[in-house]
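Next comes input_6.cif, with mmCIF, C-alpha atoms and all ligand atoms.
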data_input
loop_
_atom_site.label_atom_id
_atom_site.label_comp_id
_atom_site.auth_asym_id
_atom_site.auth_seq_id
_atom_site.Cartn_x
_atom_site.Cartn_y
_atom_site.Cartn_z
CA MET U 415 -47.19 -113.01 -39.90
CA ASN U 416 -46.29 -109.39 -39.23
CA ARG U 417 -46.21 -106.80 -42.01
CA ARG U 418 -42.41 -106.81 -42.40
CA ALA U 419 -42.25 -110.61 -42.62
CA MET U 420 -45.06 -110.56 -45.21
CA GLU U 421 -43.16 -108.03 -47.26
CA GLN U 422 -40.13 -110.32 -47.36
CA ALA U 423 -41.72 -113.78 -47.61
CA LEU U 424 -41.27 -115.78 -50.77
CA ILE U 425 -44.35 -115.46 -53.00
CA PRO U 426 -45.24 -119.00 -54.09
CA MET U 427 -46.41 -120.10 -57.55
CA ALA U 428 -49.82 -121.12 -56.19
CA ARG U 429 -51.94 -121.09 -53.06
CA PRO U 430 -55.09 -123.22 -52.83
CA SER U 431 -58.27 -121.73 -51.39
CA TRP U 432 -59.43 -122.96 -48.00
CA ASN U 433 -62.15 -121.33 -45.90
CA GLY U 434 -64.73 -122.00 -43.21
CA GLU U 435 -67.40 -123.24 -45.61
CA MET U 436 -65.02 -125.82 -47.11
CA ARG U 437 -63.86 -126.91 -43.66
CA GLU U 438 -67.49 -127.23 -42.51
CA ALA U 439 -68.40 -129.30 -45.59
CA ALA U 440 -65.41 -131.59 -45.02
CA ILE U 441 -66.13 -132.13 -41.32
CA GLN U 442 -69.84 -132.75 -41.91
CA THR U 443 -69.02 -135.31 -44.58
CA LEU U 444 -66.56 -137.15 -42.34
CA ASP U 445 -68.99 -136.99 -39.41
CA SER U 446 -71.71 -138.51 -41.60
CA GLY U 447 -69.69 -141.73 -41.97
CA ARG U 448 -70.56 -141.82 -45.66
CA TRP U 449 -67.01 -141.61 -47.00
CA VAL U 450 -67.43 -143.10 -50.48
CA LYS U 451 -70.14 -143.42 -53.15
CA GLY U 452 -72.47 -140.91 -51.51
CA PRO U 453 -74.41 -137.80 -52.51
CA HIS U 454 -71.44 -135.44 -52.76
CA SER U 455 -69.65 -137.17 -55.62
CA LYS U 456 -72.96 -137.59 -57.45
CA ASN U 457 -73.92 -133.94 -56.97
CA PHE U 458 -70.41 -132.64 -57.68
CA GLY U 459 -70.48 -134.47 -61.02
CA GLN U 460 -73.88 -133.01 -61.93
CA GLU U 461 -73.02 -129.50 -60.76
CA PHE U 462 -69.77 -129.52 -62.71
CA ALA U 463 -71.59 -130.82 -65.80
CA ASP U 464 -74.21 -128.06 -65.44
CA TYR U 465 -71.46 -125.47 -64.97
CA ILE U 466 -69.73 -126.29 -68.23
CA GLY U 467 -72.96 -127.14 -70.07
CA VAL U 468 -72.79 -130.89 -70.76
CA PRO U 469 -75.13 -133.70 -69.70
CA VAL U 470 -72.67 -135.75 -67.68
CA ALA U 471 -69.48 -135.51 -65.62
CA SER U 472 -67.76 -138.03 -63.35
CA PRO U 473 -65.52 -136.98 -60.47
CA CYS U 474 -62.43 -139.17 -60.25
CA GLN U 475 -59.08 -139.45 -58.51
CA SER U 476 -56.87 -137.21 -60.67
CA GLY U 477 -56.54 -135.46 -64.00
CA THR U 478 -54.40 -138.38 -65.10
CA ALA U 479 -57.17 -140.83 -64.18
CA SER U 480 -59.64 -138.75 -66.21
CA LEU U 481 -57.32 -138.89 -69.25
CA TRP U 482 -56.95 -142.67 -68.99
CA ALA U 483 -60.73 -143.00 -68.55
CA SER U 484 -61.43 -140.71 -71.52
CA LEU U 485 -59.39 -142.95 -73.84
CA ARG U 486 -61.12 -146.07 -72.46
CA VAL U 487 -64.63 -144.69 -72.97
CA LEU U 488 -63.73 -143.83 -76.55
CA GLY U 489 -62.54 -147.40 -77.10
CA ILE U 490 -58.96 -146.42 -77.90
CA GLY U 491 -56.30 -149.11 -77.50
CA GLU U 492 -53.71 -151.21 -79.26
CA GLY U 493 -52.91 -150.23 -82.85
CA ASP U 494 -54.44 -146.77 -82.46
CA GLU U 495 -52.60 -143.48 -82.67
CA VAL U 496 -53.51 -140.44 -80.61
CA ILE U 497 -52.06 -137.04 -81.51
CA VAL U 498 -50.78 -134.98 -78.58
CA PRO U 499 -48.70 -131.82 -78.25
CA SER U 500 -45.18 -132.47 -77.01
CA MET U 501 -45.35 -129.36 -74.84
CA THR U 502 -47.63 -130.51 -72.03
CA PHE U 503 -47.59 -132.32 -68.71
CA ILE U 504 -46.28 -135.85 -69.15
CA SER U 505 -49.54 -137.64 -68.37
CA THR U 506 -51.25 -136.26 -71.50
CA ALA U 507 -48.88 -138.55 -73.42
CA THR U 508 -48.36 -141.44 -71.00
CA SER U 509 -52.14 -141.96 -70.63
CA VAL U 510 -52.15 -142.87 -74.31
CA SER U 511 -49.35 -145.40 -73.77
CA LEU U 512 -51.16 -146.81 -70.72
CA VAL U 513 -54.18 -147.85 -72.82
CA GLY U 514 -51.80 -149.55 -75.29
CA ALA U 515 -52.08 -146.89 -78.01
CA LYS U 516 -49.28 -144.79 -79.51
CA PRO U 517 -48.89 -141.08 -78.73
CA VAL U 518 -47.91 -139.13 -81.84
CA PHE U 519 -46.23 -135.86 -80.91
CA VAL U 520 -46.73 -132.52 -82.64
CA ASP U 521 -45.41 -129.01 -82.18
CA VAL U 522 -47.37 -126.11 -80.66
CA GLU U 523 -48.38 -122.74 -82.12
CA ASN U 524 -45.90 -119.93 -82.07
CA ASP U 525 -48.16 -117.35 -80.39
CA TYR U 526 -50.47 -119.22 -78.07
CA TRP U 527 -48.51 -122.43 -77.40
CA CYS U 528 -51.45 -124.81 -77.89
CA ILE U 529 -51.37 -127.73 -80.34
CA CYS U 530 -50.40 -126.53 -83.84
CA PRO U 531 -53.26 -127.22 -86.33
CA LYS U 532 -50.89 -127.43 -89.29
CA ASP U 533 -48.52 -129.94 -87.71
CA LEU U 534 -51.50 -131.87 -86.36
CA GLU U 535 -53.08 -132.25 -89.80
CA ALA U 536 -49.74 -133.35 -91.27
CA LYS U 537 -49.40 -136.17 -88.71
CA ILE U 538 -52.81 -137.79 -89.29
CA THR U 539 -52.54 -141.39 -90.58
CA GLU U 540 -55.09 -144.14 -91.16
CA ASN U 541 -54.42 -145.27 -87.56
CA THR U 542 -55.19 -141.91 -85.97
CA LYS U 543 -58.22 -142.21 -83.71
CA ALA U 544 -58.13 -139.14 -81.53
CA VAL U 545 -56.48 -135.84 -80.70
CA ILE U 546 -55.79 -134.62 -77.18
CA ALA U 547 -56.04 -130.84 -77.31
CA VAL U 548 -54.40 -129.31 -74.23
CA HIS U 549 -55.66 -125.87 -73.23
CA LEU U 550 -52.16 -124.96 -72.12
CA TYR U 551 -51.71 -122.50 -69.25
CA GLY U 552 -55.49 -121.90 -69.29
CA GLN U 553 -55.87 -120.60 -72.84
CA MET U 554 -58.08 -122.62 -75.14
CA CYS U 555 -56.89 -124.23 -78.38
CA SER U 556 -57.44 -122.92 -81.89
CA PRO U 557 -60.95 -123.72 -83.18
CA ILE U 558 -59.21 -125.03 -86.32
CA VAL U 559 -58.17 -128.04 -84.23
CA TYR U 560 -61.84 -128.87 -83.61
CA GLU U 561 -62.62 -128.47 -87.32
CA ILE U 562 -59.78 -130.83 -88.28
CA CYS U 563 -61.14 -133.47 -85.89
CA GLN U 564 -64.56 -133.15 -87.52
CA LYS U 565 -63.14 -133.22 -91.03
CA TYR U 566 -61.19 -136.47 -90.43
CA GLY U 567 -63.73 -138.09 -88.08
CA LEU U 568 -61.32 -138.07 -85.12
CA ALA U 569 -62.39 -138.07 -81.50
CA LEU U 570 -61.49 -134.87 -79.66
CA ILE U 571 -60.34 -135.11 -76.06
CA GLU U 572 -59.89 -131.80 -74.30
CA ASP U 573 -57.14 -131.83 -71.69
CA ALA U 574 -58.61 -129.01 -69.63
CA ALA U 575 -56.49 -129.78 -66.55
CA GLN U 576 -55.33 -126.15 -66.61
CA ALA U 577 -58.49 -124.53 -67.93
CA HIS U 578 -61.33 -124.59 -65.38
CA GLY U 579 -63.54 -121.62 -66.23
CA ALA U 580 -61.86 -120.82 -69.57
CA SER U 581 -64.20 -120.22 -72.49
CA GLN U 582 -64.24 -119.40 -76.16
CA VAL U 583 -66.87 -118.23 -78.63
CA ILE U 584 -67.47 -120.79 -81.35
CA ASP U 585 -70.09 -120.14 -84.08
CA GLY U 586 -71.40 -117.26 -81.99
CA LYS U 587 -71.82 -119.39 -78.85
CA LYS U 588 -69.81 -119.21 -75.64
CA MET U 589 -68.35 -122.66 -74.98
CA LEU U 590 -66.59 -123.59 -71.77
CA ALA U 591 -63.48 -125.76 -71.69
CA GLY U 592 -64.53 -129.39 -71.45
CA ALA U 593 -67.78 -128.92 -73.38
CA ILE U 594 -66.40 -128.84 -76.94
CA GLY U 595 -64.73 -132.22 -77.39
CA ASP U 596 -66.25 -135.69 -77.19
CA VAL U 597 -64.85 -135.76 -73.68
CA GLY U 598 -63.05 -133.32 -71.38
CA CYS U 599 -60.53 -133.95 -68.60
CA PHE U 600 -59.87 -131.78 -65.56
CA SER U 601 -57.41 -131.93 -62.67
CA PHE U 602 -57.98 -130.64 -59.15
CA PHE U 603 -54.32 -130.83 -58.13
CA PRO U 604 -53.87 -128.16 -55.40
CA SER U 605 -52.18 -125.64 -57.73
CA LYS U 606 -55.05 -125.70 -60.23
CA ASN U 607 -57.74 -123.02 -60.65
CA MET U 608 -59.98 -125.00 -58.32
CA SER U 609 -59.10 -127.91 -56.08
CA VAL U 610 -60.61 -130.41 -53.66
CA GLY U 611 -58.25 -130.66 -50.68
CA GLY U 612 -56.20 -133.50 -52.19
CA GLU U 613 -55.80 -135.23 -55.55
CA GLY U 614 -58.83 -135.16 -57.85
CA GLY U 615 -60.10 -134.98 -61.40
CA MET U 616 -63.27 -134.76 -63.49
CA LEU U 617 -64.27 -136.46 -66.72
CA THR U 618 -66.88 -134.51 -68.70
CA CYS U 619 -68.87 -135.58 -71.73
CA LYS U 620 -71.26 -133.92 -74.15
CA ARG U 621 -72.28 -137.18 -75.90
CA GLU U 622 -75.42 -138.93 -74.69
CA ASP U 623 -74.40 -142.17 -76.44
CA ILE U 624 -71.38 -142.72 -74.17
CA SER U 625 -72.69 -140.96 -71.06
CA GLU U 626 -73.37 -144.26 -69.28
CA LYS U 627 -69.76 -145.32 -69.84
CA VAL U 628 -68.55 -141.97 -68.50
CA ARG U 629 -70.70 -142.44 -65.39
CA THR U 630 -69.60 -146.01 -64.71
CA ILE U 631 -65.94 -146.17 -65.81
CA VAL U 632 -64.89 -144.74 -62.43
CA ASP U 633 -66.67 -147.62 -60.67
CA HIS U 634 -65.52 -150.80 -62.46
CA GLY U 635 -67.87 -150.17 -65.38
CA ARG U 636 -70.77 -151.31 -63.18
CA GLY U 637 -74.40 -150.36 -63.53
CA SER U 638 -76.84 -150.11 -60.62
CA ASP U 639 -77.34 -153.91 -60.81
CA LEU U 640 -73.59 -154.31 -60.07
CA GLN U 641 -73.00 -156.00 -63.42
CA SER U 642 -69.66 -154.86 -64.93
CA MET U 643 -70.54 -153.94 -68.50
CA HIS U 644 -67.35 -152.11 -69.42
CA LEU U 645 -63.71 -152.36 -68.43
CA GLY U 646 -63.36 -149.75 -65.71
CA SER U 647 -61.60 -149.47 -62.38
CA ASN U 648 -61.93 -147.88 -58.98
CA LEU U 649 -61.25 -144.25 -59.85
CA ARG U 650 -63.92 -142.86 -57.52
CA MET U 651 -63.44 -139.52 -55.79
CA PRO U 652 -63.87 -139.79 -51.98
CA GLU U 653 -66.93 -137.98 -50.60
CA VAL U 654 -64.94 -135.57 -48.44
CA LEU U 655 -63.07 -134.25 -51.48
CA ALA U 656 -66.24 -133.98 -53.54
CA SER U 657 -67.88 -131.97 -50.74
CA ILE U 658 -64.96 -129.51 -50.80
CA GLY U 659 -65.05 -129.35 -54.60
CA ARG U 660 -68.75 -128.44 -54.55
CA VAL U 661 -67.99 -125.41 -52.39
CA GLN U 662 -65.02 -124.39 -54.55
CA LEU U 663 -67.02 -124.62 -57.79
CA LYS U 664 -69.36 -121.86 -56.58
CA SER U 665 -66.41 -119.43 -56.54
CA LEU U 666 -64.71 -120.48 -59.76
CA ASP U 667 -65.95 -117.62 -61.98
CA GLY U 668 -64.89 -115.02 -59.43
CA TRP U 669 -61.48 -116.67 -59.12
CA VAL U 670 -60.97 -116.65 -62.89
CA GLU U 671 -61.91 -112.96 -62.88
CA ARG U 672 -59.32 -112.23 -60.17
CA ARG U 673 -56.67 -114.12 -62.18
CA ASN U 674 -57.52 -111.99 -65.23
CA GLN U 675 -57.30 -108.83 -63.14
CA ILE U 676 -53.83 -109.84 -61.92
CA ALA U 677 -52.81 -110.67 -65.51
CA GLU U 678 -53.94 -107.22 -66.71
CA ASN U 679 -51.80 -105.59 -64.02
CA TYR U 680 -48.80 -107.62 -65.20
CA ASP U 681 -49.49 -106.78 -68.88
CA LEU U 682 -49.44 -103.05 -68.15
CA ILE U 683 -46.01 -103.16 -66.49
CA ILE U 684 -44.45 -105.73 -68.80
CA ASN U 685 -45.45 -103.70 -71.86
CA GLN U 686 -43.28 -100.88 -70.52
CA THR U 687 -40.32 -103.07 -69.55
CA LYS U 688 -37.49 -103.92 -71.93
CA GLY U 689 -36.58 -107.57 -72.48
CA ILE U 690 -39.91 -109.11 -71.44
CA GLN U 691 -43.27 -109.47 -73.17
CA PRO U 692 -46.74 -110.48 -71.96
CA PRO U 693 -48.43 -113.66 -73.24
CA ALA U 694 -50.66 -113.25 -76.32
CA ARG U 695 -54.43 -113.76 -75.93
CA ARG U 696 -56.54 -115.40 -78.56
CA GLU U 697 -59.51 -113.28 -79.65
CA THR U 698 -62.94 -114.26 -78.27
CA VAL U 699 -61.39 -116.28 -75.46
CA ILE U 700 -61.65 -115.95 -71.70
CA HIS U 701 -58.22 -117.07 -70.53
CA ALA U 702 -58.30 -118.97 -67.23
CA PHE U 703 -54.73 -117.88 -66.41
CA HIS U 704 -53.70 -121.07 -64.70
CA GLN U 705 -50.24 -119.75 -65.51
CA TYR U 706 -49.08 -116.29 -66.50
CA ILE U 707 -46.16 -116.75 -68.88
CA VAL U 708 -43.55 -114.06 -69.46
CA VAL U 709 -41.74 -114.19 -72.81
CA CYS U 710 -38.11 -113.38 -71.99
CA GLU U 711 -35.20 -112.28 -74.13
CA HIS U 712 -32.90 -113.53 -71.38
CA ALA U 713 -34.76 -115.96 -69.15
CA ALA U 714 -31.90 -116.67 -66.73
CA SER U 715 -31.46 -113.00 -65.79
CA PHE U 716 -35.21 -112.51 -65.44
CA ARG U 717 -35.49 -115.51 -63.10
CA LYS U 718 -32.51 -114.29 -61.06
CA HIS U 719 -34.10 -110.85 -60.73
CA MET U 720 -37.42 -112.33 -59.53
CA ASP U 721 -35.55 -114.66 -57.18
CA GLU U 722 -33.71 -111.71 -55.63
CA ASN U 723 -37.12 -110.16 -55.01
CA GLN U 724 -38.38 -113.32 -53.30
CA ILE U 725 -40.82 -114.15 -56.10
CA SER U 726 -41.10 -117.73 -57.36
CA THR U 727 -40.77 -118.57 -61.06
CA ARG U 728 -40.98 -121.86 -62.99
CA VAL U 729 -40.42 -123.16 -66.48
CA TYR U 730 -43.30 -125.26 -67.82
CA TYR U 731 -41.91 -127.54 -69.13
CA THR U 732 -38.14 -127.96 -69.10
CA THR U 733 -38.25 -131.20 -71.11
CA PRO U 734 -40.83 -131.71 -73.86
CA CYS U 735 -42.70 -135.03 -73.62
CA HIS U 736 -41.11 -136.63 -76.69
CA ARG U 737 -37.67 -136.11 -75.11
CA GLN U 738 -38.54 -137.71 -71.77
CA PRO U 739 -36.57 -140.90 -70.97
CA ILE U 740 -39.80 -142.93 -70.97
CA PHE U 741 -40.08 -142.22 -74.71
CA SER U 742 -36.42 -142.98 -75.57
CA ASN U 743 -37.61 -145.85 -77.79
CA HIS U 744 -40.34 -143.77 -79.41
CA PRO U 745 -39.70 -143.09 -83.13
CA GLN U 746 -40.03 -139.33 -82.52
CA TYR U 747 -37.54 -139.21 -79.61
CA GLU U 748 -34.90 -137.47 -81.74
CA ASP U 749 -37.35 -135.21 -83.62
CA THR U 750 -37.08 -131.45 -83.41
CA PHE U 751 -40.13 -129.30 -82.75
CA PRO U 752 -38.90 -125.72 -83.21
CA VAL U 753 -41.54 -123.86 -81.17
CA THR U 754 -41.59 -126.42 -78.37
CA GLU U 755 -37.83 -126.28 -78.08
CA ALA U 756 -37.67 -122.47 -78.14
CA MET U 757 -40.27 -122.33 -75.35
CA THR U 758 -38.03 -124.15 -72.89
CA GLU U 759 -35.48 -121.36 -73.39
CA SER U 760 -37.67 -118.26 -73.26
CA LEU U 761 -40.91 -118.80 -71.32
CA VAL U 762 -41.02 -118.20 -67.59
CA ALA U 763 -44.12 -118.57 -65.40
CA ILE U 764 -44.63 -116.09 -62.56
CA PRO U 765 -47.16 -116.41 -59.73
CA VAL U 766 -50.83 -115.90 -60.67
CA PHE U 767 -53.32 -117.27 -58.17
CA HIS U 768 -56.70 -116.02 -57.07
CA GLU U 769 -55.71 -115.90 -53.39
CA MET U 770 -52.97 -113.34 -54.14
CA THR U 771 -53.18 -110.30 -51.87
CA ASP U 772 -52.98 -106.76 -53.26
CA ALA U 773 -49.68 -106.34 -51.37
CA GLU U 774 -48.25 -109.41 -53.11
CA LEU U 775 -49.50 -108.15 -56.46
CA GLU U 776 -47.79 -104.84 -55.84
CA ARG U 777 -44.52 -106.55 -54.92
CA ILE U 778 -44.63 -108.53 -58.17
CA THR U 779 -45.51 -105.57 -60.41
CA THR U 780 -42.75 -103.51 -58.77
CA ALA U 781 -40.24 -106.30 -59.42
CA LEU U 782 -41.41 -106.64 -63.04
CA GLY U 783 -41.03 -102.91 -63.58
CA SER U 784 -37.50 -102.84 -62.15
CA TYR U 785 -36.17 -105.68 -64.32
CA GLN U 786 -33.26 -104.68 -66.54
CA LEU U 787 -32.01 -106.65 -69.48
CA PRO U 788 -28.30 -107.45 -69.01
CA ILE U 789 -26.03 -105.44 -71.29
C1 LIG T 801 -52.09 -130.38 -68.92
C2 LIG T 801 -52.20 -131.38 -67.80
N1 LIG T 801 -52.70 -132.60 -68.08
C3 LIG T 801 -52.84 -133.52 -67.11
C4 LIG T 801 -52.50 -133.27 -65.81
C5 LIG T 801 -52.61 -134.36 -64.79
O1 LIG T 801 -53.41 -134.03 -63.69
P1 LIG T 801 -53.16 -134.72 -62.27
O2 LIG T 801 -51.90 -134.20 -61.71
O3 LIG T 801 -54.36 -134.33 -61.47
O4 LIG T 801 -53.10 -136.19 -62.51
C6 LIG T 801 -52.00 -132.01 -65.46
C7 LIG T 801 -51.64 -131.69 -64.07
O5 LIG T 801 -50.58 -131.24 -63.74
C8 LIG T 801 -51.84 -131.04 -66.49
O6 LIG T 801 -51.35 -129.82 -66.22
#
Please lay out the structure from this file as structure tokens.
Ligand SMILES: Cc1ncc(COP(=O)(O)O)c(C=O)c1O
Amino acid sequence: MNRRAMEQALIPMARPSWNGEMREAAIQTLDSGRWVKGPHSKNFGQEFADYIGVPVASPCQSGTASLWASLRVLGIGEGDEVIVPSMTFISTATSVSLVGAKPVFVDVENDYWCICPKDLEAKITENTKAVIAVHLYGQMCSPIVYEICQKYGLALIEDAAQAHGASQVIDGKKMLAGAIGDVGCFSFFPSKNMSVGGEGGMLTCKREDISEKVRTIVDHGRGSDLQSMHLGSNLRMPEVLASIGRVQLKSLDGWVERRNQIAENYDLIINQTKGIQPPARRETVIHAFHQYIVVCEHAASFRKHMDENQISTRVYYTTPCHRQPIFSNHPQYEDTFPVTEAMTESLVAIPVFHEMTDAELERITTALGSYQLPI
């Protein structure tokens, strides 16, 4: 693309990384003829586990598959309730329904938009078995959520689909997303902070007592003797994708750093621009900036302005989970969650991806700086 065309091309919301080393890994894996159940998925699982600091991780077919598997390994099913934020991707909630349990929706925090500890504690009943804490947009949840789970003896599932490389200091120790809860769930969908050249996910686990289940759930619950000990399924990640993921993982920290650098550039401009505000950061957190969210006084005019400048924007999410048609028979379908509802009106995501060029970054900061609130 020539310079002029580049200057005018639409800047997308995301752009996955793809380079010679990934291509080489993919071709070598395909050439080897070992397309499933080989060394790459085994090593990718171990390398990812080592990266976040847990004993075990299982690559699988999607973030959704990892959520379903996480509930299965924790033995959650019929009659159980699982607390989830309503402001999240739909599969956080539908995974609960798919194992026969009931999702119980709660609001999110006003400042950071993760699950609200106060609302969460209020919704605990004798049937509550677990909480799915979503590290929304790449920022980790309040540590109070983890304390509540401990206090009430609830399992904690981290939905870290948007939080590869995010971390938080807890009791003086740096903890990566996916290493705090009983289990952690990641997605490698192409727009995520790291990807695998297709659909993919990872189930992580800090608990030795269920590590065998975590290892085998993706392969029909079978041990090495091919006896199915647990109810699992074929959720295995193909070797070619695992080989690409292994290469991507090596760059993850650098990519998160680049995302933070882009976010800092946006903060500087947005702080000087009327009608828009930058997203708040929790103290002692490294934000993974899967999304950079602009808080708008007038979202429609902001989106129009970015659109005129050929810059993509999105609203995550336009319909909260409890209001999705699939939950029209859910007892909370008509409930009002004030923060969740306000978010759909005022939060707008702008592009933040590690492959962004400096020229693209400049185009976006210029557009942010020239935004004017309608009179
Ligand atoms: C918070 C959250 N949970 C779960 C998922 C599901 O991941 P996947 O699309 O890989 O199934 C996503 C992906 O969009 C997500 O953002």
Practice item. Compute the set of protein, DNA and RNA residues whose minimum atom distance to ligand LIG 801 (chain T) is at most 9 Å, using all atoms listed in the file, and state it as a VMD selection string. Key: chain U and resid 475 to 481 502 to 507 548 to 551 573 to 577 599 to 606 613 to 615
Select from range 529-647 of chain U every residue with an atom at most 12 Å from any atom of range 434-446 of chain U, then for each give the shortest pair of atoms and their distance in Å to one decimal, using all atoms listed in the file, rows by chain and rising number, as CSV.
residue,atom,partner,partner_atom,distance
U:Ser609,CA,U:Met436,CA,10.9
U:Val610,CA,U:Met436,CA,9.1
U:Gly611,CA,U:Met436,CA,9.1
U:Gly612,CA,U:Ala440,CA,11.8
Selection file, C-alpha atoms, as a short mmCIF file (atom, residue, chain, number, x, y, z; two decimals), in the coordinates of the input:
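Done, and the output landed in part33.cif:
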data_model
loop_
_atom_site.label_atom_id
_atom_site.label_comp_id
_atom_site.auth_asym_id
_atom_site.auth_seq_id
_atom_site.Cartn_x
_atom_site.Cartn_y
_atom_site.Cartn_z
CA SER U 609 -59.10 -127.91 -56.08
CA VAL U 610 -60.61 -130.41 -53.66
CA GLY U 611 -58.25 -130.66 -50.68
CA GLY U 612 -56.20 -133.50 -52.19
#
Check your understanding: What is the distance, in Å and to one decimal place, between CA of Ser638 in chain U and CA of Gly489 in chain U?
Key -> 22.0 Å
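The nearest approach to Leu761 in chain U among the residues U:Leu655, U:Met501, U:Ala547, U:Leu570, with only C-alpha atoms taken into account, belongs to U:Met501.
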Review point. What would the list of residues within 12 Å of (-57.3, -120.5, -55.1) (file frame) look like as a VMD selection string, if all atoms listed in the file are what count?
Key: chain U and resid 427 to 433 578 602 to 611 659 662 to 663 665 to 673 703 to 704 765 to 771
Review point. Neighbours of Ala471 in chain U within 10 Å (all atoms listed in the file; same-chain residues fewer than 3 positions away dropped), as a PyMOL selection string?
Key: chain U and resi 456-464+466+468+474+592+597-599+616-620+625+628-629
Store the residues picked out above, limited to C-alpha atoms, as a PDB file, keeping the file's coordinate frame.
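This is the output file part14.pdb:
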ATOM      1  CA  LYS U 456     -72.960-137.590 -57.450  1.00  0.00           C
ATOM      2  CA  ASN U 457     -73.920-133.940 -56.970  1.00  0.00           C
ATOM      3  CA  PHE U 458     -70.410-132.640 -57.680  1.00  0.00           C
ATOM      4  CA  GLY U 459     -70.480-134.470 -61.020  1.00  0.00           C
ATOM      5  CA  GLN U 460     -73.880-133.010 -61.930  1.00  0.00           C
ATOM      6  CA  GLU U 461     -73.020-129.500 -60.760  1.00  0.00           C
ATOM      7  CA  PHE U 462     -69.770-129.520 -62.710  1.00  0.00           C
ATOM      8  CA  ALA U 463     -71.590-130.820 -65.800  1.00  0.00           C
ATOM      9  CA  ASP U 464     -74.210-128.060 -65.440  1.00  0.00           C
ATOM     10  CA  ILE U 466     -69.730-126.290 -68.230  1.00  0.00           C
ATOM     11  CA  VAL U 468     -72.790-130.890 -70.760  1.00  0.00           C
ATOM     12  CA  CYS U 474     -62.430-139.170 -60.250  1.00  0.00           C
ATOM     13  CA  GLY U 592     -64.530-129.390 -71.450  1.00  0.00           C
ATOM     14  CA  VAL U 597     -64.850-135.760 -73.680  1.00  0.00           C
ATOM     15  CA  GLY U 598     -63.050-133.320 -71.380  1.00  0.00           C
ATOM     16  CA  CYS U 599     -60.530-133.950 -68.600  1.00  0.00           C
ATOM     17  CA  MET U 616     -63.270-134.760 -63.490  1.00  0.00           C
ATOM     18  CA  LEU U 617     -64.270-136.460 -66.720  1.00  0.00           C
ATOM     19  CA  THR U 618     -66.880-134.510 -68.700  1.00  0.00           C
ATOM     20  CA  CYS U 619     -68.870-135.580 -71.730  1.00  0.00           C
ATOM     21  CA  LYS U 620     -71.260-133.920 -74.150  1.00  0.00           C
ATOM     22  CA  SER U 625     -72.690-140.960 -71.060  1.00  0.00           C
ATOM     23  CA  VAL U 628     -68.550-141.970 -68.500  1.00  0.00           C
ATOM     24  CA  ARG U 629     -70.700-142.440 -65.390  1.00  0.00           C
TER      25      ARG U 629
END
Review point. Which of these, U:Thr508, U:Ile690, U:Ala536, U:Met651, has the shortest distance to Asp521 in chain U once you count all atoms listed in the file?
Key: U:Ala536
Review point. Using all atoms listed in the file, what residues lie at most 10 Å away from (-47.6, -141.2, -75.5) (file coordinates), given as a PyMOL selection string?
Key: chain U and resi 495-500+504-519+735-736+740-741+744
Filtering to C-alpha atoms, could you give me those residues as an mmCIF file, in the frame of the given file?
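Done, and the output landed in result.cif:
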data_model
loop_
_atom_site.group_PDB
_atom_site.id
_atom_site.type_symbol
_atom_site.label_atom_id
_atom_site.label_comp_id
_atom_site.auth_asym_id
_atom_site.auth_seq_id
_atom_site.Cartn_x
_atom_site.Cartn_y
_atom_site.Cartn_z
ATOM 1 C CA GLU U 495 -52.600 -143.480 -82.670
ATOM 2 C CA VAL U 496 -53.510 -140.440 -80.610
ATOM 3 C CA ILE U 497 -52.060 -137.040 -81.510
ATOM 4 C CA VAL U 498 -50.780 -134.980 -78.580
ATOM 5 C CA PRO U 499 -48.700 -131.820 -78.250
ATOM 6 C CA SER U 500 -45.180 -132.470 -77.010
ATOM 7 C CA ILE U 504 -46.280 -135.850 -69.150
ATOM 8 C CA SER U 505 -49.540 -137.640 -68.370
ATOM 9 C CA THR U 506 -51.250 -136.260 -71.500
ATOM 10 C CA ALA U 507 -48.880 -138.550 -73.420
ATOM 11 C CA THR U 508 -48.360 -141.440 -71.000
ATOM 12 C CA SER U 509 -52.140 -141.960 -70.630
ATOM 13 C CA VAL U 510 -52.150 -142.870 -74.310
ATOM 14 C CA SER U 511 -49.350 -145.400 -73.770
ATOM 15 C CA LEU U 512 -51.160 -146.810 -70.720
ATOM 16 C CA VAL U 513 -54.180 -147.850 -72.820
ATOM 17 C CA GLY U 514 -51.800 -149.550 -75.290
ATOM 18 C CA ALA U 515 -52.080 -146.890 -78.010
ATOM 19 C CA LYS U 516 -49.280 -144.790 -79.510
ATOM 20 C CA PRO U 517 -48.890 -141.080 -78.730
ATOM 21 C CA VAL U 518 -47.910 -139.130 -81.840
ATOM 22 C CA PHE U 519 -46.230 -135.860 -80.910
ATOM 23 C CA CYS U 735 -42.700 -135.030 -73.620
ATOM 24 C CA HIS U 736 -41.110 -136.630 -76.690
ATOM 25 C CA ILE U 740 -39.800 -142.930 -70.970
ATOM 26 C CA PHE U 741 -40.080 -142.220 -74.710
ATOM 27 C CA HIS U 744 -40.340 -143.770 -79.410
#
Check your understanding: So, counting only C-alpha atoms, which residue among U:Arg448, U:Arg695, U:Thr727, U:Val522 is closest to Ser715 in chain U?
Key -> U:Thr727
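Reported to one decimal place, the separation of CA of Ala763 in chain U from CA of Thr733 in chain U is 15.1 Å.
The spacing separating CA of Ile631 in chain U from CA of Leu534 in chain U amounts to 28.9 Å.
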Check your understanding: U:Glu755, U:Glu774, U:Glu711, U:Asp721: which is nearest Asn524 in chain U, counting all atoms listed in the file?
Key -> U:Glu755
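Checking U:Tyr526, U:Asn648, U:Arg621, U:Leu782 one by one against Gln686 in chain U, counting only C-alpha atoms, you find the shortest gap at U:Leu782.
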